[in-house]
file entry.cif (mmCIF, C-alpha atoms)
data_coords
#
loop_
_atom_site.label_atom_id
_atom_site.label_comp_id
_atom_site.auth_asym_id
_atom_site.auth_seq_id
_atom_site.Cartn_x
_atom_site.Cartn_y
_atom_site.Cartn_z
CA MET A 207 84.13 116.51 113.68
CA GLU A 208 85.21 116.50 117.32
CA GLY A 209 85.60 112.74 117.67
CA LEU A 210 87.87 112.62 114.64
CA GLU A 211 89.98 115.49 116.01
CA GLN A 212 90.56 113.63 119.27
CA THR A 213 91.55 110.50 117.39
CA ALA A 214 93.94 112.53 115.23
CA LYS A 215 95.61 113.87 118.38
CA LEU A 216 96.20 110.35 119.67
CA LEU A 217 97.63 109.20 116.35
CA LYS A 218 99.93 112.22 116.27
CA LEU A 219 101.10 111.41 119.79
CA ILE A 220 101.87 107.82 118.81
CA ARG A 221 103.87 109.00 115.80
CA GLU A 222 105.76 111.85 117.47
CA ARG A 223 106.64 109.99 120.67
CA GLY A 224 108.10 107.11 118.68
CA PHE A 225 105.93 104.34 120.13
CA HIS A 226 106.63 100.89 118.70
CA PRO A 227 104.40 97.79 118.41
CA GLY A 228 103.92 96.32 121.86
CA ASP A 229 104.64 99.60 123.69
CA LYS A 230 102.26 100.67 126.41
CA LEU A 231 100.57 104.04 125.82
CA PRO A 232 99.94 106.67 128.51
CA SER A 233 96.93 106.08 130.74
CA GLU A 234 93.51 107.50 129.93
CA ARG A 235 93.95 110.02 132.75
CA ASP A 236 97.37 111.14 131.47
CA LEU A 237 96.10 111.48 127.90
CA ALA A 238 93.19 113.62 129.06
CA ALA A 239 95.55 115.91 130.95
CA LEU A 240 98.02 116.05 128.06
CA PHE A 241 95.44 117.17 125.50
CA GLY A 242 93.13 119.12 127.80
CA MET A 243 90.30 116.74 126.92
CA SER A 244 87.68 115.05 129.01
CA ARG A 245 88.31 111.42 129.89
CA SER A 246 85.12 110.47 128.05
CA ALA A 247 86.48 112.05 124.85
CA VAL A 248 89.77 110.19 125.27
CA ARG A 249 87.90 106.97 125.93
CA GLU A 250 85.85 107.42 122.74
CA ALA A 251 89.01 107.96 120.67
CA LEU A 252 90.65 104.90 122.22
CA ILE A 253 87.59 102.79 121.45
CA ARG A 254 87.78 103.89 117.82
CA LEU A 255 91.47 102.95 117.59
CA ASP A 256 90.78 99.65 119.32
CA THR A 257 87.97 98.83 116.90
CA LEU A 258 90.32 99.42 113.97
CA ARG A 259 92.95 97.21 115.67
CA ILE A 260 95.49 100.03 115.92
CA ILE A 261 95.71 99.60 119.68
CA GLU A 262 94.81 96.81 122.09
CA SER A 263 93.16 97.35 125.45
CA ARG A 264 94.27 94.76 127.99
CA PRO A 265 92.14 94.51 131.14
CA LYS A 266 93.99 95.54 134.32
CA SER A 267 97.11 96.24 132.28
CA GLY A 268 96.60 99.20 129.95
CA VAL A 269 96.55 100.15 126.28
CA TYR A 270 99.21 98.86 123.89
CA LEU A 271 100.14 99.63 120.29
CA ARG A 272 99.47 96.76 117.88
CA PRO A 273 101.82 95.69 115.08
CA PHE A 274 101.78 98.14 112.18
CA ALA A 275 100.73 95.82 109.37
CA ALA A 276 99.02 92.46 109.47
CA GLU A 277 96.78 92.85 112.52
CA ARG A 278 95.35 96.25 111.66
CA SER A 279 91.99 96.75 110.01
CA ILE A 280 92.10 97.98 106.42
CA GLU A 281 89.72 100.77 107.49
CA ALA A 282 92.58 102.07 109.65
CA MET A 283 94.20 103.35 106.46
CA VAL A 284 91.15 105.48 105.77
CA LEU A 285 91.32 106.87 109.30
CA PHE A 286 95.01 107.71 108.83
CA THR A 287 94.15 109.61 105.66
CA GLU A 288 91.27 111.52 107.22
CA THR A 289 93.46 112.57 110.15
CA ASP A 290 96.48 113.49 107.96
CA THR A 291 98.56 110.70 109.46
CA PRO A 292 101.27 109.60 106.99
CA LEU A 293 100.95 106.10 105.60
CA SER A 294 104.04 103.95 105.62
CA GLU A 295 105.95 103.41 102.38
CA ASP A 296 104.95 99.73 102.44
CA ASP A 297 101.27 100.62 102.86
CA VAL A 298 101.46 102.90 99.82
CA VAL A 299 103.25 100.46 97.54
CA GLN A 300 101.09 97.51 98.55
CA SER A 301 97.83 99.49 98.26
CA VAL A 302 98.71 100.52 94.71
CA GLU A 303 99.65 96.93 93.87
CA LEU A 304 96.38 95.60 95.28
CA ARG A 305 94.39 98.18 93.37
CA SER A 306 95.99 97.07 90.08
CA VAL A 307 95.28 93.41 90.78
CA LEU A 308 91.67 93.96 91.83
CA GLU A 309 90.75 96.37 89.05
CA SER A 310 92.20 94.10 86.39
CA GLU A 311 89.97 91.27 87.60
CA ALA A 312 87.07 93.71 87.99
CA MET A 313 87.42 94.67 84.34
CA ARG A 314 87.19 91.00 83.31
CA LEU A 315 84.09 90.42 85.40
CA ALA A 316 82.49 93.70 84.33
CA CYS A 317 82.85 92.74 80.67
CA LEU A 318 81.11 89.43 81.37
CA ARG A 319 78.43 90.58 83.81
CA ARG A 320 77.56 94.19 82.99
CA THR A 321 73.87 95.01 82.69
CA PRO A 322 72.13 97.76 80.70
CA ALA A 323 71.87 99.69 83.96
CA ASP A 324 75.64 99.44 84.47
CA LEU A 325 76.30 100.74 80.95
CA ALA A 326 73.86 103.59 81.53
CA ARG A 327 75.67 104.56 84.75
CA LEU A 328 79.08 104.51 83.05
CA ASN A 329 77.73 106.58 80.16
CA GLN A 330 76.21 109.07 82.59
CA ILE A 331 79.61 109.58 84.26
CA LEU A 332 81.28 109.98 80.88
CA GLN A 333 78.82 112.71 79.91
CA ALA A 334 79.36 114.48 83.23
CA SER A 335 83.12 114.21 82.71
CA ALA A 336 82.94 115.74 79.23
CA ALA A 337 80.88 118.62 80.62
CA ALA A 338 83.32 119.16 83.49
CA ILE A 339 86.28 119.28 81.12
CA SER A 340 84.50 121.83 78.91
CA ARG A 341 84.06 124.00 81.99
CA GLY A 342 87.71 123.63 82.91
CA GLU A 343 86.92 121.59 86.03
CA THR A 344 88.87 118.69 87.51
CA LEU A 345 87.93 115.03 87.11
CA ALA A 346 89.27 114.04 90.54
CA ASP A 347 85.88 112.91 91.82
CA LEU A 348 84.39 111.73 88.52
CA ASP A 349 87.48 109.62 87.82
CA ALA A 350 86.90 107.73 91.06
CA GLU A 351 83.19 107.39 90.31
CA PHE A 352 83.92 105.88 86.89
CA HIS A 353 86.32 103.28 88.27
CA LYS A 354 83.95 102.36 91.08
CA ALA A 355 81.14 102.02 88.53
CA ILE A 356 83.26 99.49 86.63
CA VAL A 357 83.72 97.50 89.82
CA ALA A 358 80.00 97.77 90.58
CA ALA A 359 79.35 96.19 87.18
CA THR A 360 81.00 93.00 88.45
CA GLN A 361 77.93 92.56 90.71
CA ASN A 362 80.41 91.75 93.50
CA HIS A 363 79.65 94.17 96.32
CA VAL A 364 82.46 92.91 98.58
CA LEU A 365 84.96 93.68 95.82
CA LEU A 366 83.47 97.17 95.57
CA ARG A 367 84.05 97.69 99.31
CA PHE A 368 87.74 96.84 98.98
CA ILE A 369 88.20 99.12 95.97
CA ASN A 370 86.36 101.93 97.74
CA VAL A 371 89.05 101.97 100.44
CA PHE A 372 91.71 102.81 97.85
CA TYR A 373 89.68 105.70 96.46
CA LEU A 374 89.05 107.04 99.95
CA ILE A 375 92.72 107.03 100.90
CA SER A 376 93.80 108.43 97.52
CA ARG A 377 91.34 111.35 97.44
CA LYS A 378 93.85 114.07 98.27
CA ARG A 379 96.45 112.74 95.86
CA ARG A 380 93.92 112.57 93.03
CA GLU A 381 93.01 116.21 93.64
CA VAL A 382 96.66 117.14 93.10
CA TYR A 383 97.08 114.81 90.12
CA PHE A 384 94.09 116.23 88.26
CA GLN A 385 95.05 119.87 88.77
CA ALA A 386 96.73 119.63 85.37
CA SER A 387 94.00 119.83 82.74
CA GLN A 388 95.78 117.39 80.41
CA GLN A 389 95.42 114.64 83.02
CA SER A 390 91.64 115.03 82.96
CA GLN A 391 91.62 114.94 79.16
CA ARG A 392 93.78 111.82 78.99
CA SER A 393 91.72 110.13 81.68
CA HIS A 394 88.44 110.86 79.90
CA ALA A 395 89.75 109.62 76.55
CA GLN A 396 90.81 106.32 78.07
CA HIS A 397 87.57 106.02 80.03
CA LEU A 398 85.76 106.15 76.69
CA GLN A 399 87.92 103.26 75.45
CA LEU A 400 87.21 101.28 78.62
CA TYR A 401 83.49 101.87 78.21
CA ARG A 402 83.54 100.59 74.62
CA ALA A 403 85.39 97.44 75.69
CA ILE A 404 82.88 96.76 78.46
CA ALA A 405 79.93 97.41 76.14
CA ALA A 406 81.42 94.99 73.58
CA GLN A 407 82.29 92.50 76.36
CA ASP A 408 85.86 92.45 75.04
CA VAL A 409 87.82 91.21 78.07
CA GLU A 410 91.24 91.19 76.39
CA ALA A 411 90.95 94.74 75.07
CA GLY A 412 89.46 96.00 78.32
CA GLN A 413 92.27 94.64 80.50
CA LYS A 414 94.94 95.90 78.10
CA ILE A 415 93.49 99.43 78.11
CA LEU A 416 93.10 99.37 81.89
CA ARG A 417 96.74 98.37 82.49
CA ARG A 418 97.91 101.24 80.31
CA HIS A 419 95.40 103.57 81.94
CA ILE A 420 96.52 103.09 85.54
CA LYS A 421 100.24 102.43 85.03
CA GLY A 422 101.45 106.02 85.17
CA VAL A 423 99.13 106.93 88.02
CA ASP A 424 100.34 103.95 90.04
CA VAL A 425 103.93 105.16 89.72
CA TYR A 426 102.79 108.63 90.77
CA PHE A 427 101.08 107.32 93.90
CA ARG A 428 104.04 105.15 94.84
CA MET A 429 106.30 108.20 94.84
CA PHE A 430 104.13 110.89 96.40
CA PHE A 431 101.30 109.22 98.34
CA ALA A 432 102.81 108.97 101.82
CA GLU A 433 104.51 112.36 101.57
CA ALA A 434 101.19 114.04 100.86
CA HIS A 435 99.62 113.00 104.14
CA GLY A 436 101.60 115.05 106.59
CA ALA A 437 105.25 114.15 106.12
CA GLN A 438 107.36 117.20 106.77
CA ARG A 439 110.59 118.06 105.01
CA PRO A 440 113.30 119.88 106.97
CA ALA A 441 113.63 123.59 106.25
CA PRO A 442 116.65 124.46 104.09
CA ALA A 443 119.63 125.89 105.92
CA ALA A 444 120.55 129.52 105.40
CA LYS A 445 123.00 130.17 102.62
CA GLY A 446 126.55 129.71 103.83
CA ALA A 447 125.49 128.18 107.15
CA ARG A 448 127.23 125.04 108.33
CA SER A 449 125.25 121.99 109.31
CA ALA A 450 124.99 121.47 113.05
CA ALA A 451 125.07 117.70 112.60
CA PRO A 452 127.08 115.39 110.36
CA PRO A 453 125.35 114.24 107.18
CA ALA A 454 123.31 111.07 107.46
CA ARG A 455 124.95 107.87 106.31
CA ARG A 456 123.89 107.06 102.80
CA VAL A 457 122.08 103.79 102.34
CA PRO A 458 123.39 102.02 99.22
CA GLY A 459 120.89 101.89 96.38
CA ARG A 460 118.32 104.11 98.10
CA ALA A 461 118.99 107.35 96.24
CA LYS A 462 119.47 105.51 92.97
CA GLY A 463 116.03 103.93 93.34
CA ARG A 464 114.39 107.29 93.97
CA VAL A 465 116.03 108.85 90.92
CA ALA A 466 114.83 105.92 88.84
CA THR A 467 111.32 106.37 90.23
CA LYS A 468 111.29 110.07 89.33
CA VAL A 469 112.36 109.26 85.78
CA ALA A 470 109.63 106.62 85.57
CA VAL A 471 107.04 109.10 86.80
CA GLN A 472 107.96 111.68 84.20
CA GLY A 473 107.80 109.13 81.41
CA SER A 474 104.65 107.40 82.60
CA LEU A 475 102.62 110.53 83.21
CA ALA A 476 103.23 111.60 79.63
CA LYS A 477 101.72 108.34 78.37
CA ALA A 478 99.14 107.28 80.91
CA LYS A 479 95.93 108.52 82.44
#

call {"tool": "encode", "arguments": {"input": "entry.cif", "output": "structure tokens"}}
result
Amino acid sequence: MEGLEQTAKLLKLIRERGFHPGDKLPSERDLAALFGMSRSAVREALIRLDTLRIIESRPKSGVYLRPFAAERSIEAMVLFTETDTPLSEDDVVQSVELRSVLESEAMRLACLRRTPADLARLNQILQASAAAISRGETLADLDAEFHKAIVAATQNHVLLRFINVFYLISRKRREVYFQASQQSQRSHAQHLQLYRAIAAQDVEAGQKILRRHIKGVDVYFRMFFAEAHGAQRPAPAAKGARSAAPPARRVPGRAKGRVATKVAVQGSLAKAK
């Protein structure tokens, strides 16, 4: 999609040129010349970024980058994902945290409010999942559909919109996660347990199963989510070559935390979803 490509170019420029909140971006004319685009195409991309509160157009002044967090639209995270723009570490951690909070409450409401139609939809997804597993296919998409169907059973459509954002921005990571067939099998087995709890309207059991179900996956996303959306690692130096620059100063506690996260991932993935 051409419009999305132009927007991706602008986001890449913002990232690579090191613009900070409050910085003024190049003019529309300069951006058009830089990318070899028409000014109308640049203008369309800028309007999209302005709508999502990533930039701010100030009359007779120019275009400025907005603060990274609070003022931006939540839909901006979806745009970042679709244009392979890395999410910040804070965005990743907080998105995973929000998903856990919202889905736990969604499970409670689904148990109380589910209708026969909701149960039929969940059962339909379970049958499709079993068939996919028997064919050796991934559950990346069906996993998301099952969780969204639980939220839909709350009869709260605004809640469903918020949850849908997480599943849009996590699509690529779920594809990687479910490449291992055992992940699909574990996920399906726990989906069956969640379905039974919802059918029985057992809130306590449903929330307990859900917490266990998403725990390992949450750790996985926290560790790998941002890296999967375009972050580049430096190429290894040739064997025996000396570094051209001194090693970076180590930040106390940083490496230790990452090691602990990797250990948690290995343990959690063996038990969860």

call {"tool": "resolve_selection", "arguments": {"input": "entry.cif", "expression": "the PyMOL selection byres ((chain A and resi 397) around 12)", "output": "PyMOL selection string"}}
result
chain A and resi 328-329+331-333+335-336+345+348-353+355-356+390-396+398-404+412+415-416+418-420+478-479

call {"tool": "write_last_selection", "arguments": {"input": "entry.cif", "atoms": "C-alpha atoms", "output": "compact mmCIF listing (two decimals), in the coordinates of the input"}}
result
# COMPACT_ATOMS: atom_id res chain seq x y z
CA LEU A 328 79.08 104.51 83.05
CA ASN A 329 77.73 106.58 80.16
CA ILE A 331 79.61 109.58 84.26
CA LEU A 332 81.28 109.98 80.88
CA GLN A 333 78.82 112.71 79.91
CA SER A 335 83.12 114.21 82.71
CA ALA A 336 82.94 115.74 79.23
CA LEU A 345 87.93 115.03 87.11
CA LEU A 348 84.39 111.73 88.52
CA ASP A 349 87.48 109.62 87.82
CA ALA A 350 86.90 107.73 91.06
CA GLU A 351 83.19 107.39 90.31
CA PHE A 352 83.92 105.88 86.89
CA HIS A 353 86.32 103.28 88.27
CA ALA A 355 81.14 102.02 88.53
CA ILE A 356 83.26 99.49 86.63
CA SER A 390 91.64 115.03 82.96
CA GLN A 391 91.62 114.94 79.16
CA ARG A 392 93.78 111.82 78.99
CA SER A 393 91.72 110.13 81.68
CA HIS A 394 88.44 110.86 79.90
CA ALA A 395 89.75 109.62 76.55
CA GLN A 396 90.81 106.32 78.07
CA LEU A 398 85.76 106.15 76.69
CA GLN A 399 87.92 103.26 75.45
CA LEU A 400 87.21 101.28 78.62
CA TYR A 401 83.49 101.87 78.21
CA ARG A 402 83.54 100.59 74.62
CA ALA A 403 85.39 97.44 75.69
CA ILE A 404 82.88 96.76 78.46
CA GLY A 412 89.46 96.00 78.32
CA ILE A 415 93.49 99.43 78.11
CA LEU A 416 93.10 99.37 81.89
CA ARG A 418 97.91 101.24 80.31
CA HIS A 419 95.40 103.57 81.94
CA ILE A 420 96.52 103.09 85.54
CA ALA A 478 99.14 107.28 80.91
CA LYS A 479 95.93 108.52 82.44

call {"tool": "resolve_selection", "arguments": {"input": "entry.cif", "expression": "the PyMOL selection byres ((chain A and resi 366) around 10)", "output": "PyMOL selection string"}}
result
chain A and resi 308-309+312+353-365+367-371

call {"tool": "residues_around", "arguments": {"input": "entry.cif", "residues": "Gln413 of chain A", "least_positions_apart": "6", "cutoff": "7 Å", "atoms": "only C-alpha atoms", "output": "PyMOL selection string"}}
result
chain A and resi 310+313-314

call {"tool": "resolve_selection", "arguments": {"input": "entry.cif", "expression": "the PyMOL selection byres ((chain A and resi 224-234) around 6)", "output": "ChimeraX atom specification"}}
result
/A:220-223,235-237,269-273

call {"tool": "write_last_selection", "arguments": {"input": "entry.cif", "atoms": "C-alpha atoms", "output": "tab-separated table (two decimals), in the frame of the given file"}}
result
chain	number	residue	atom	x	y	z
A	220	ILE	CA	101.87	107.82	118.81
A	221	ARG	CA	103.87	109.00	115.80
A	222	GLU	CA	105.76	111.85	117.47
A	223	ARG	CA	106.64	109.99	120.67
A	235	ARG	CA	93.95	110.02	132.75
A	236	ASP	CA	97.37	111.14	131.47
A	237	LEU	CA	96.10	111.48	127.90
A	269	VAL	CA	96.55	100.15	126.28
A	270	TYR	CA	99.21	98.86	123.89
A	271	LEU	CA	100.14	99.63	120.29
A	272	ARG	CA	99.47	96.76	117.88
A	273	PRO	CA	101.82	95.69	115.08

call {"tool": "atom_distance", "arguments": {"input": "entry.cif", "atom1": "atom CA of Leu315 of chain A", "atom2": "atom CA of Ile375 of chain A"}}
result
24.3 Å

call {"tool": "atom_distance", "arguments": {"input": "entry.cif", "atom1": "atom CA of Arg305 of chain A", "atom2": "atom CA of Leu216 of chain A"}}
result
29.0 Å

call {"tool": "closest_residue", "arguments": {"input": "entry.cif", "among": "A:Gln300, A:Ala251, A:Ala239, A:Ser246", "to": "Ala214 of chain A", "atoms": "all atoms listed in the file"}}
result
A:Ala251

call {"tool": "residues_around", "arguments": {"input": "entry.cif", "residues": "segment 211-213 of chain A", "least_positions_apart": "6", "cutoff": "10 Å", "atoms": "all atoms listed in the file", "output": "ChimeraX atom specification"}}
result
/A:219,241,243,247-255,285-286,288-289

call {"tool": "atom_distance", "arguments": {"input": "entry.cif", "atom1": "atom CA of Val307 of chain A", "atom2": "atom CA of Glu410 of chain A"}}
result
15.1 Å

call {"tool": "closest_residue", "arguments": {"input": "entry.cif", "among": "A:Lys414, A:Asp324, A:Asp347, A:Gln388", "to": "Leu374 of chain A", "atoms": "all atoms listed in the file"}}
result
A:Asp347
